[in-house]
file upload38.cif (mmCIF, C-alpha atoms)
data_coords
loop_
_atom_site.label_atom_id
_atom_site.label_comp_id
_atom_site.auth_asym_id
_atom_site.auth_seq_id
_atom_site.Cartn_x
_atom_site.Cartn_y
_atom_site.Cartn_z
CA MET A 347 75.14 4.18 -48.90
CA LYS A 348 72.11 1.91 -48.87
CA ALA A 349 72.94 0.70 -45.34
CA ALA A 350 73.27 4.28 -44.17
CA LYS A 351 69.84 5.18 -45.52
CA GLU A 352 68.26 2.14 -43.84
CA GLY A 353 69.93 3.09 -40.56
CA THR A 354 68.58 6.61 -40.85
CA LYS A 355 65.05 5.28 -41.49
CA ALA A 356 65.24 2.91 -38.50
CA LYS A 357 66.43 5.70 -36.28
CA ALA A 358 63.59 7.93 -37.46
CA ALA A 359 61.05 5.18 -36.85
CA THR A 360 62.42 4.60 -33.37
CA ASN A 361 62.24 8.30 -32.59
CA ALA A 362 58.68 8.48 -33.94
CA LYS A 363 57.59 5.50 -31.84
CA ALA A 364 59.23 6.99 -28.77
CA GLY A 365 57.49 10.26 -29.44
CA THR A 366 54.10 8.55 -29.77
CA GLU A 367 54.59 6.59 -26.54
CA SER A 368 55.77 9.73 -24.78
CA LYS A 369 52.67 11.61 -25.97
CA ALA A 370 50.36 8.79 -24.84
CA ALA A 371 52.06 8.67 -21.43
CA THR A 372 51.73 12.44 -21.11
CA GLU A 373 48.02 12.33 -22.00
CA SER A 374 47.42 9.45 -19.60
CA LYS A 375 49.19 11.29 -16.81
CA ALA A 376 47.22 14.44 -17.54
CA ALA A 377 43.93 12.49 -17.47
CA ALA A 378 44.86 10.90 -14.16
CA THR A 379 45.74 14.30 -12.72
CA THR A 380 42.41 15.73 -13.91
CA ALA A 381 40.43 12.81 -12.42
CA LYS A 382 42.28 13.15 -9.13
CA ALA A 383 41.54 16.86 -9.04
CA ALA A 384 37.87 16.23 -9.81
CA GLY A 385 37.56 13.80 -6.91
CA PRO A 386 34.84 11.13 -6.52
CA ARG A 387 31.50 11.49 -8.30
CA LYS A 388 28.95 13.45 -6.34
CA ALA A 389 25.82 11.64 -5.15
CA PRO A 390 22.50 12.69 -6.76
CA LYS A 391 21.04 15.78 -5.19
CA ALA A 392 18.56 14.97 -2.44
CA GLU A 393 14.92 15.54 -3.31
CA SER A 394 13.52 18.67 -1.72
CA HIS A 395 10.36 18.53 0.35
CA LEU A 396 8.48 20.51 -2.30
CA ALA A 397 9.61 18.14 -5.04
CA MET A 398 8.53 15.16 -2.93
CA VAL A 399 5.08 16.68 -2.35
CA ARG A 400 4.66 17.30 -6.07
CA ARG A 401 5.72 13.74 -6.88
CA ALA A 402 3.41 12.33 -4.19
CA ARG A 403 0.44 14.24 -5.56
CA ARG A 404 1.24 13.10 -9.06
CA ILE A 405 1.32 9.49 -7.84
CA ASN A 406 -2.13 10.02 -6.34
CA ARG A 407 -3.44 11.40 -9.65
CA GLU A 408 -1.95 8.46 -11.55
CA LEU A 409 -3.46 5.98 -9.10
CA ALA A 410 -6.86 7.66 -9.54
CA GLU A 411 -6.66 6.88 -13.26
CA ILE A 412 -5.45 3.31 -12.69
CA TYR A 413 -8.08 2.53 -10.02
CA PRO A 414 -11.09 4.77 -10.69
CA TYR A 415 -13.20 2.08 -9.01
CA ALA A 416 -11.14 1.92 -5.78
CA HIS A 417 -13.36 1.15 -2.79
CA PRO A 418 -13.32 -0.43 0.68
CA GLU A 419 -12.83 -4.16 0.15
CA LEU A 420 -15.08 -5.23 2.99
CA ASP A 421 -18.73 -6.09 2.31
CA PHE A 422 -21.11 -4.00 4.43
CA ARG A 423 -24.58 -2.49 4.30
CA ASN A 424 -24.45 -0.10 7.26
CA PRO A 425 -21.95 1.43 9.73
CA PHE A 426 -22.37 -1.41 12.23
CA GLU A 427 -21.50 -4.07 9.66
CA LEU A 428 -18.46 -2.10 8.50
CA LEU A 429 -17.28 -1.63 12.08
CA VAL A 430 -17.60 -5.34 12.85
CA ALA A 431 -15.99 -6.39 9.55
CA THR A 432 -13.04 -4.05 10.12
CA VAL A 433 -12.44 -5.45 13.61
CA LEU A 434 -12.50 -8.97 12.14
CA SER A 435 -10.03 -8.02 9.38
CA ALA A 436 -7.08 -7.87 11.80
CA GLN A 437 -4.46 -10.51 10.94
CA THR A 438 -6.48 -11.94 8.04
CA THR A 439 -7.64 -11.03 4.54
CA ASP A 440 -10.69 -9.00 3.64
CA LEU A 441 -11.72 -11.96 1.51
CA ARG A 442 -11.88 -14.29 4.50
CA VAL A 443 -13.85 -11.67 6.45
CA ASN A 444 -16.31 -11.22 3.59
CA GLN A 445 -16.80 -14.98 3.42
CA THR A 446 -17.50 -15.08 7.17
CA THR A 447 -19.73 -12.07 7.86
CA PRO A 448 -22.89 -13.24 5.99
CA ALA A 449 -23.48 -15.93 8.62
CA LEU A 450 -22.44 -13.59 11.43
CA PHE A 451 -24.87 -10.83 10.45
CA ALA A 452 -27.64 -13.30 9.79
CA ALA A 453 -27.29 -14.45 13.40
CA TYR A 454 -26.65 -11.01 14.94
CA PRO A 455 -27.98 -8.20 12.70
CA THR A 456 -27.90 -5.45 15.34
CA PRO A 457 -25.65 -4.37 18.22
CA GLU A 458 -28.33 -5.50 20.66
CA ASP A 459 -28.40 -8.99 19.10
CA MET A 460 -24.62 -9.27 19.06
CA ALA A 461 -24.25 -8.05 22.66
CA ALA A 462 -26.54 -10.89 23.77
CA ALA A 463 -24.70 -13.59 21.81
CA VAL A 464 -23.37 -16.74 23.44
CA PRO A 465 -19.56 -16.38 23.16
CA GLU A 466 -18.93 -19.98 22.12
CA GLU A 467 -21.49 -19.75 19.33
CA MET A 468 -19.98 -16.54 17.97
CA GLU A 469 -16.49 -18.00 18.18
CA GLU A 470 -17.54 -20.88 15.99
CA ILE A 471 -18.93 -18.53 13.33
CA ILE A 472 -15.88 -16.26 13.14
CA ARG A 473 -13.29 -19.02 13.61
CA PRO A 474 -12.15 -18.77 9.92
CA THR A 475 -10.84 -15.22 10.53
CA GLY A 476 -8.34 -16.36 13.16
CA PHE A 477 -7.83 -15.08 16.72
CA PHE A 478 -11.54 -15.80 17.11
CA ARG A 479 -11.59 -15.73 20.93
CA ALA A 480 -10.03 -12.27 21.17
CA LYS A 481 -12.21 -11.00 18.33
CA THR A 482 -15.34 -12.41 19.96
CA LYS A 483 -14.46 -10.57 23.16
CA SER A 484 -14.01 -7.32 21.20
CA LEU A 485 -17.28 -7.73 19.28
CA LEU A 486 -19.26 -8.49 22.43
CA GLY A 487 -17.70 -5.49 24.16
CA LEU A 488 -18.21 -2.99 21.36
CA SER A 489 -21.78 -4.18 20.76
CA ALA A 490 -22.62 -3.75 24.44
CA ALA A 491 -21.06 -0.27 24.40
CA LEU A 492 -23.08 0.69 21.32
CA ARG A 493 -26.24 -0.58 23.00
CA ASP A 494 -25.62 1.04 26.38
CA GLU A 495 -23.84 4.27 25.47
CA PHE A 496 -24.91 5.19 21.95
CA GLY A 497 -28.48 3.97 21.66
CA GLY A 498 -27.52 1.07 19.41
CA GLU A 499 -25.96 3.38 16.80
CA VAL A 500 -22.36 3.62 15.64
CA PRO A 501 -21.01 7.07 16.59
CA GLY A 502 -19.66 9.30 13.85
CA ARG A 503 -16.76 10.81 15.81
CA LEU A 504 -13.24 9.44 16.03
CA GLU A 505 -12.94 10.20 19.75
CA ASP A 506 -16.02 8.04 20.43
CA LEU A 507 -15.07 5.20 18.11
CA VAL A 508 -11.60 4.65 19.56
CA LYS A 509 -13.13 4.13 23.02
CA LEU A 510 -14.94 1.01 21.80
CA PRO A 511 -13.29 -2.36 22.57
CA GLY A 512 -11.07 -3.57 19.72
CA VAL A 513 -11.33 -0.27 17.82
CA GLY A 514 -8.15 1.67 17.11
CA ARG A 515 -7.47 4.71 15.02
CA LYS A 516 -7.14 2.72 11.78
CA THR A 517 -10.53 1.04 12.25
CA ALA A 518 -12.12 4.34 13.25
CA ASN A 519 -10.85 6.06 10.08
CA VAL A 520 -12.17 3.21 7.92
CA VAL A 521 -15.63 3.60 9.44
CA LEU A 522 -15.62 7.40 9.36
CA GLY A 523 -14.41 7.63 5.78
CA ASN A 524 -16.64 4.96 4.28
CA ALA A 525 -19.79 4.98 6.41
CA PHE A 526 -20.00 8.66 7.37
CA GLY A 527 -18.10 10.50 4.63
CA VAL A 528 -15.62 11.98 7.12
CA PRO A 529 -12.15 12.18 5.51
CA GLY A 530 -9.55 9.93 7.08
CA ILE A 531 -6.25 8.24 6.25
CA THR A 532 -6.16 4.51 6.88
CA VAL A 533 -2.62 3.39 7.65
CA ASP A 534 -2.60 -0.39 7.31
CA THR A 535 0.42 -2.55 6.43
CA HIS A 536 0.02 -1.92 2.69
CA PHE A 537 -0.29 1.85 3.09
CA GLY A 538 2.70 2.10 5.41
CA ARG A 539 4.87 -0.06 3.16
CA LEU A 540 4.14 1.91 0.00
CA VAL A 541 4.53 5.42 1.41
CA ARG A 542 7.94 4.39 2.71
CA ARG A 543 8.90 2.89 -0.66
CA TRP A 544 7.83 6.12 -2.31
CA LYS A 545 9.92 8.09 0.22
CA TRP A 546 7.02 10.17 1.47
CA THR A 547 8.20 9.37 4.97
CA ASP A 548 10.50 6.97 6.80
CA GLU A 549 8.25 6.81 9.87
CA GLU A 550 7.18 3.36 11.07
CA ASP A 551 4.56 4.35 13.64
CA PRO A 552 1.10 4.43 11.96
CA VAL A 553 0.00 7.56 13.81
CA LYS A 554 3.13 9.43 12.68
CA VAL A 555 2.71 8.13 9.13
CA GLU A 556 -0.86 9.39 9.14
CA ALA A 557 0.25 12.84 10.33
CA VAL A 558 2.95 13.13 7.65
CA VAL A 559 0.71 12.05 4.79
CA ALA A 560 -2.10 14.30 6.02
CA GLY A 561 0.28 17.20 5.56
CA ILE A 562 0.98 16.29 1.94
CA PHE A 563 -2.59 16.01 0.65
CA PRO A 564 -5.73 18.10 1.02
CA LYS A 565 -8.28 16.64 3.42
CA SER A 566 -10.74 15.95 0.62
CA GLU A 567 -8.32 13.35 -0.82
CA TRP A 568 -7.60 11.39 2.35
CA THR A 569 -10.20 8.62 2.10
CA MET A 570 -9.79 7.89 -1.61
CA LEU A 571 -6.01 8.17 -1.37
CA SER A 572 -6.12 5.41 1.25
CA HIS A 573 -8.15 3.14 -1.04
CA ARG A 574 -5.89 3.77 -4.04
CA VAL A 575 -2.67 3.10 -2.16
CA VAL A 576 -4.05 -0.08 -0.58
CA PHE A 577 -5.36 -1.26 -3.97
CA HIS A 578 -1.94 -0.73 -5.51
CA GLY A 579 -0.20 -2.52 -2.64
CA ARG A 580 -2.46 -5.55 -2.95
CA ARG A 581 -2.38 -5.80 -6.73
CA ILE A 582 1.06 -4.66 -7.90
CA CYS A 583 3.42 -3.37 -5.20
CA HIS A 584 3.55 -6.53 -3.09
CA ALA A 585 5.59 -6.83 0.08
CA ARG A 586 7.98 -9.62 -0.93
CA LYS A 587 8.09 -9.34 -4.70
CA PRO A 588 6.75 -6.11 -6.21
CA ALA A 589 5.77 -6.31 -9.89
CA CYS A 590 7.99 -3.35 -10.84
CA GLY A 591 8.02 -4.25 -14.54
CA ALA A 592 4.22 -4.06 -14.70
CA CYS A 593 3.81 -0.95 -12.54
CA PRO A 594 2.23 2.08 -14.29
CA ILE A 595 3.83 4.51 -11.84
CA ALA A 596 7.35 3.04 -12.02
CA PRO A 597 8.84 6.33 -13.37
CA LEU A 598 7.71 8.07 -10.17
CA CYS A 599 9.01 5.39 -7.79
CA PRO A 600 12.43 5.89 -6.14
CA SER A 601 12.41 2.20 -5.15
CA TYR A 602 11.97 0.84 -8.67
CA GLY A 603 14.00 -2.35 -9.04
CA GLU A 604 13.26 -3.83 -5.62
CA GLY A 605 11.03 -6.31 -7.40
CA GLU A 606 10.77 -8.06 -10.76
CA THR A 607 11.55 -5.62 -13.59
CA ASP A 608 11.00 -7.93 -16.56
CA PRO A 609 7.53 -6.97 -17.90
CA GLU A 610 6.52 -10.51 -18.78
CA LYS A 611 7.60 -11.99 -15.45
CA ALA A 612 6.15 -9.04 -13.54
CA GLY A 613 2.82 -9.49 -15.30
CA LYS A 614 2.50 -12.93 -13.78
CA LEU A 615 2.73 -11.42 -10.30
CA LEU A 616 -0.38 -9.24 -10.67
CA LYS A 617 -3.26 -10.10 -8.33
CA TYR A 618 -7.03 -9.77 -8.26
CA GLU A 619 -8.61 -8.01 -11.25
CA MET A 620 -5.21 -6.80 -12.51
CA GLY A 621 -4.24 -10.44 -12.98
CA GLY A 622 -7.66 -11.56 -14.21
CA TYR A 623 -8.70 -13.10 -10.88
CA PRO A 624 -11.65 -12.52 -8.49
CA GLY A 625 -11.45 -9.67 -6.02
CA GLN A 626 -11.99 -9.80 -2.27
CA ARG A 627 -15.66 -8.78 -2.12
CA LEU A 628 -18.53 -11.17 -2.57
CA SER A 629 -20.69 -8.13 -3.37
CA PRO A 630 -18.43 -5.61 -5.12
CA PRO A 631 -19.61 -2.21 -6.37
CA ALA A 632 -21.32 -2.10 -9.74
CA ASP A 633 -18.34 -0.44 -11.42
CA TYR A 634 -15.80 -2.99 -10.19
CA PRO A 635 -14.16 -4.56 -13.28
CA GLY A 636 -13.18 -7.86 -11.66
CA LYS A 637 -15.06 -10.99 -10.71
CA PRO A 638 -16.86 -11.30 -7.34
CA ALA A 639 -15.10 -13.48 -4.78
CA PRO A 640 -16.55 -16.94 -4.06
CA ALA A 641 -18.51 -17.69 -0.91
CA LEU A 642 -16.87 -19.62 1.92
CA GLY A 643 -16.35 -23.22 0.85
CA ALA A 644 -17.14 -22.49 -2.79
CA GLY A 645 -13.49 -22.63 -3.89
#

call {"tool": "encode", "arguments": {"input": "upload38.cif", "output": "structure tokens"}}
result
Amino acid sequence: MKAAKEGTKAKAATNAKAGTESKAATESKAAATTAKAAGPRKAPKAESHLAMVRRARRINRELAEIYPYAHPELDFRNPFELLVATVLSAQTTDLRVNQTTPALFAAYPTPEDMAAAVPEEMEEIIRPTGFFRAKTKSLLGLSAALRDEFGGEVPGRLEDLVKLPGVGRKTANVVLGNAFGVPGITVDTHFGRLVRRWKWTDEEDPVKVEAVVAGIFPKSEWTMLSHRVVFHGRRICHARKPACGACPIAPLCPSYGEGETDPEKAGKLLKYEMGGYPGQRLSPPADYPGKPAPALGAG
């Protein structure tokens, strides 16, 4: 009798186990069928143009709060000095230009003086900026054009500026926006890199980038937008290793994670005043929070 009862219990246990396994298999099969029916996960919905414009304008507002002191980072006292400094800034840093122009403007303070310069003497002065022979040729040419065609004055129209030797659209917009108060978008390497990271455009050509961005922002914002974006590119959103973990606009950036995301490590990547170092200008604006840059040869 006892053996019969134990056999009955064993049989019941076996049946129960089989039932459990059968139920689990059924549920697993059902889940697999459901997943197959659902198909692969859908990619995130693409951002609409309107949403991109709103995000871009919010980035601009955020940058205005981060860099309320944004300014052109070339030292200048008049349109001629800004024009010359901008031509010299090609393929070098604004810091190196600012360290070089005091001696240049002391020797050639006006277009007439610069047009009459001995090429070899000018080359020696601007040698630290690199490509000094080509730049000397451009400076002599534009100075002569200013003397002969514009009465020794820098013109305040883009169509006149771009006719000067060594002056392209980027240089013209820098001069117009900062010496004449004419709104302009300056598409340098920093600006182009950041607007592509922010997915405002995928254009590579500077003229096309300028046209796209001009359509996103009101004209009154163009000049200051350029300064803010360039400031951010030089201080935080670097080309090779962006400081993503220290970026105040990270939540608005679709490229977050391309750089260092650890806050402590990212903080060590900050440059200029954001990192506690001197800026690029020897004579920065009064409201600039950083230290003035050292003169050439001063360290």

call {"tool": "atom_distance", "arguments": {"input": "upload38.cif", "atom1": "CA of Pro455 (chain A)", "atom2": "CA of Glu427 (chain A)"}}
result
8.3 Å

call {"tool": "closest_atom_pairs", "arguments": {"input": "upload38.cif", "of": "region 514-595 of chain A", "to": "region 419-423 of chain A", "cutoff": "12 Å", "atoms": "all atoms listed in the file", "output": "CSV"}}
result
residue,atom,partner,partner_atom,distance
A:Val520,CA,A:Leu420,CA,10.2
A:Val521,CA,A:Phe422,CA,10.6
A:Asn524,CA,A:Phe422,CA,10.0
A:Ala525,CA,A:Arg423,CA,9.1
A:Ser572,CA,A:Glu419,CA,11.7
A:His573,CA,A:Glu419,CA,8.8
A:Arg574,CA,A:Glu419,CA,11.3
A:Val576,CA,A:Glu419,CA,9.7
A:Phe577,CA,A:Glu419,CA,9.0
A:Arg580,CA,A:Glu419,CA,10.9

call {"tool": "atom_distance", "arguments": {"input": "upload38.cif", "atom1": "CA of Ala397 (chain A)", "atom2": "CA of Arg542 (chain A)"}}
result
15.9 Å

call {"tool": "resolve_selection", "arguments": {"input": "upload38.cif", "expression": "the PyMOL selection byres ((chain A and resi 617) around 12)", "output": "PyMOL selection string"}}
result
chain A and resi 577-584+587-589+592+612-616+618-626+636

call {"tool": "resolve_selection", "arguments": {"input": "upload38.cif", "expression": "the PyMOL selection byres ((chain A and resi 449) around 12)", "output": "PDB file with C-alpha atoms, in the frame of the given file"}}
result
ATOM      1  CA  VAL A 443     -13.850 -11.670   6.450  1.00  0.00           C
ATOM      2  CA  ASN A 444     -16.310 -11.220   3.590  1.00  0.00           C
ATOM      3  CA  GLN A 445     -16.800 -14.980   3.420  1.00  0.00           C
ATOM      4  CA  THR A 446     -17.500 -15.080   7.170  1.00  0.00           C
ATOM      5  CA  THR A 447     -19.730 -12.070   7.860  1.00  0.00           C
ATOM      6  CA  PRO A 448     -22.890 -13.240   5.990  1.00  0.00           C
ATOM      7  CA  LEU A 450     -22.440 -13.590  11.430  1.00  0.00           C
ATOM      8  CA  PHE A 451     -24.870 -10.830  10.450  1.00  0.00           C
ATOM      9  CA  ALA A 452     -27.640 -13.300   9.790  1.00  0.00           C
ATOM     10  CA  ALA A 453     -27.290 -14.450  13.400  1.00  0.00           C
ATOM     11  CA  TYR A 454     -26.650 -11.010  14.940  1.00  0.00           C
ATOM     12  CA  PRO A 455     -27.980  -8.200  12.700  1.00  0.00           C
ATOM     13  CA  GLU A 467     -21.490 -19.750  19.330  1.00  0.00           C
ATOM     14  CA  MET A 468     -19.980 -16.540  17.970  1.00  0.00           C
ATOM     15  CA  GLU A 470     -17.540 -20.880  15.990  1.00  0.00           C
ATOM     16  CA  ILE A 471     -18.930 -18.530  13.330  1.00  0.00           C
ATOM     17  CA  ILE A 472     -15.880 -16.260  13.140  1.00  0.00           C
ATOM     18  CA  ARG A 473     -13.290 -19.020  13.610  1.00  0.00           C
ATOM     19  CA  PRO A 474     -12.150 -18.770   9.920  1.00  0.00           C
ATOM     20  CA  ALA A 641     -18.510 -17.690  -0.910  1.00  0.00           C
ATOM     21  CA  LEU A 642     -16.870 -19.620   1.920  1.00  0.00           C
TER      22      LEU A 642
END

call {"tool": "residues_around", "arguments": {"input": "upload38.cif", "residues": "region 512-518 of chain A", "least_positions_apart": "2", "cutoff": "8 Å", "atoms": "only C-alpha atoms", "output": "PyMOL selection string"}}
result
chain A and resi 429+432-433+481+484-485+488+504+507-510+520-522+531-534

call {"tool": "write_last_selection", "arguments": {"input": "upload38.cif", "atoms": "C-alpha atoms", "output": "PDB file, keeping the file's coordinate frame"}}
result
ATOM      1  CA  LEU A 429     -17.280  -1.630  12.080  1.00  0.00           C
ATOM      2  CA  THR A 432     -13.040  -4.050  10.120  1.00  0.00           C
ATOM      3  CA  VAL A 433     -12.440  -5.450  13.610  1.00  0.00           C
ATOM      4  CA  LYS A 481     -12.210 -11.000  18.330  1.00  0.00           C
ATOM      5  CA  SER A 484     -14.010  -7.320  21.200  1.00  0.00           C
ATOM      6  CA  LEU A 485     -17.280  -7.730  19.280  1.00  0.00           C
ATOM      7  CA  LEU A 488     -18.210  -2.990  21.360  1.00  0.00           C
ATOM      8  CA  LEU A 504     -13.240   9.440  16.030  1.00  0.00           C
ATOM      9  CA  LEU A 507     -15.070   5.200  18.110  1.00  0.00           C
ATOM     10  CA  VAL A 508     -11.600   4.650  19.560  1.00  0.00           C
ATOM     11  CA  LYS A 509     -13.130   4.130  23.020  1.00  0.00           C
ATOM     12  CA  LEU A 510     -14.940   1.010  21.800  1.00  0.00           C
ATOM     13  CA  VAL A 520     -12.170   3.210   7.920  1.00  0.00           C
ATOM     14  CA  VAL A 521     -15.630   3.600   9.440  1.00  0.00           C
ATOM     15  CA  LEU A 522     -15.620   7.400   9.360  1.00  0.00           C
ATOM     16  CA  ILE A 531      -6.250   8.240   6.250  1.00  0.00           C
ATOM     17  CA  THR A 532      -6.160   4.510   6.880  1.00  0.00           C
ATOM     18  CA  VAL A 533      -2.620   3.390   7.650  1.00  0.00           C
ATOM     19  CA  ASP A 534      -2.600  -0.390   7.310  1.00  0.00           C
TER      20      ASP A 534
END

call {"tool": "closest_residue", "arguments": {"input": "upload38.cif", "among": "A:Phe426, A:Tyr602, A:Cys593, A:Trp568", "to": "Asp459 (chain A)", "atoms": "all atoms listed in the file"}}
result
A:Phe426

call {"tool": "decode", "arguments": {"input": "upload38.cif", "residues": "region 588-617 of chain A", "atoms": "N, CA and C atoms", "output": "tab-separated table (two decimals), in the first residue's frame"}}
result
chain	number	residue	atom	x	y	z
A	588	PRO	N	36.49	66.78	-28.22
A	588	PRO	CA	35.54	67.69	-27.57
A	588	PRO	C	35.38	67.36	-26.09
A	589	ALA	N	35.20	68.39	-25.28
A	589	ALA	CA	35.01	68.20	-23.84
A	589	ALA	C	33.52	68.03	-23.55
A	590	CYS	N	32.94	66.94	-24.06
A	590	CYS	CA	31.49	66.71	-23.94
A	590	CYS	C	31.02	66.73	-22.49
A	591	GLY	N	31.80	66.15	-21.59
A	591	GLY	CA	31.39	66.06	-20.19
A	591	GLY	C	31.39	67.38	-19.46
A	592	ALA	N	31.97	68.42	-20.07
A	592	ALA	CA	32.00	69.75	-19.45
A	592	ALA	C	31.21	70.75	-20.28
A	593	CYS	N	30.43	70.26	-21.23
A	593	CYS	CA	29.71	71.15	-22.16
A	593	CYS	C	28.34	71.53	-21.62
A	594	PRO	N	28.06	72.81	-21.43
A	594	PRO	CA	26.76	73.25	-20.89
A	594	PRO	C	25.59	72.99	-21.83
A	595	ILE	N	25.86	72.81	-23.12
A	595	ILE	CA	24.75	72.58	-24.06
A	595	ILE	C	24.68	71.12	-24.51
A	596	ALA	N	25.31	70.23	-23.77
A	596	ALA	CA	25.31	68.81	-24.13
A	596	ALA	C	23.91	68.24	-24.38
A	597	PRO	N	22.88	68.61	-23.56
A	597	PRO	CA	21.55	68.06	-23.81
A	597	PRO	C	20.96	68.44	-25.17
A	598	LEU	N	21.50	69.47	-25.80
A	598	LEU	CA	20.98	69.92	-27.09
A	598	LEU	C	21.81	69.42	-28.25
A	599	CYS	N	22.87	68.66	-27.95
A	599	CYS	CA	23.82	68.25	-28.99
A	599	CYS	C	23.58	66.81	-29.45
A	600	PRO	N	23.24	66.62	-30.72
A	600	PRO	CA	23.03	65.26	-31.24
A	600	PRO	C	24.32	64.46	-31.39
A	601	SER	N	25.47	65.13	-31.24
A	601	SER	CA	26.76	64.45	-31.37
A	601	SER	C	27.43	64.22	-30.02
A	602	TYR	N	26.67	64.39	-28.94
A	602	TYR	CA	27.23	64.16	-27.61
A	602	TYR	C	27.83	62.75	-27.53
A	603	GLY	N	29.03	62.65	-26.99
A	603	GLY	CA	29.70	61.37	-26.87
A	603	GLY	C	30.85	61.19	-27.85
A	604	GLU	N	30.98	62.13	-28.80
A	604	GLU	CA	32.13	62.06	-29.71
A	604	GLU	C	33.43	62.34	-28.97
A	605	GLY	N	33.32	63.07	-27.87
A	605	GLY	CA	34.50	63.40	-27.08
A	605	GLY	C	34.43	62.81	-25.69
A	606	GLU	N	35.26	63.34	-24.80
A	606	GLU	CA	35.34	62.86	-23.42
A	606	GLU	C	34.07	63.21	-22.65
A	607	THR	N	33.40	62.19	-22.10
A	607	THR	CA	32.15	62.42	-21.38
A	607	THR	C	32.33	62.48	-19.86
A	608	ASP	N	33.44	61.98	-19.35
A	608	ASP	CA	33.69	62.06	-17.91
A	608	ASP	C	33.92	63.52	-17.53
A	609	PRO	N	33.10	64.07	-16.61
A	609	PRO	CA	33.19	65.49	-16.27
A	609	PRO	C	34.58	65.93	-15.81
A	610	GLU	N	35.22	65.11	-14.99
A	610	GLU	CA	36.53	65.48	-14.47
A	610	GLU	C	37.58	65.51	-15.58
A	611	LYS	N	37.57	64.48	-16.42
A	611	LYS	CA	38.53	64.43	-17.52
A	611	LYS	C	38.24	65.51	-18.55
A	612	ALA	N	36.95	65.74	-18.80
A	612	ALA	CA	36.56	66.76	-19.77
A	612	ALA	C	36.97	68.15	-19.29
A	613	GLY	N	36.88	68.38	-17.99
A	613	GLY	CA	37.26	69.67	-17.44
A	613	GLY	C	38.71	70.03	-17.71
A	614	LYS	N	39.55	69.03	-17.83
A	614	LYS	CA	40.97	69.26	-18.08
A	614	LYS	C	41.23	69.63	-19.54
A	615	LEU	N	40.23	69.47	-20.38
A	615	LEU	CA	40.38	69.79	-21.80
A	615	LEU	C	39.99	71.23	-22.13
A	616	LEU	N	39.39	71.93	-21.18
A	616	LEU	CA	38.92	73.29	-21.43
A	616	LEU	C	40.10	74.23	-21.70
A	617	LYS	N	39.88	75.17	-22.62
A	617	LYS	CA	40.95	76.09	-23.01
A	617	LYS	C	40.59	77.54	-22.70
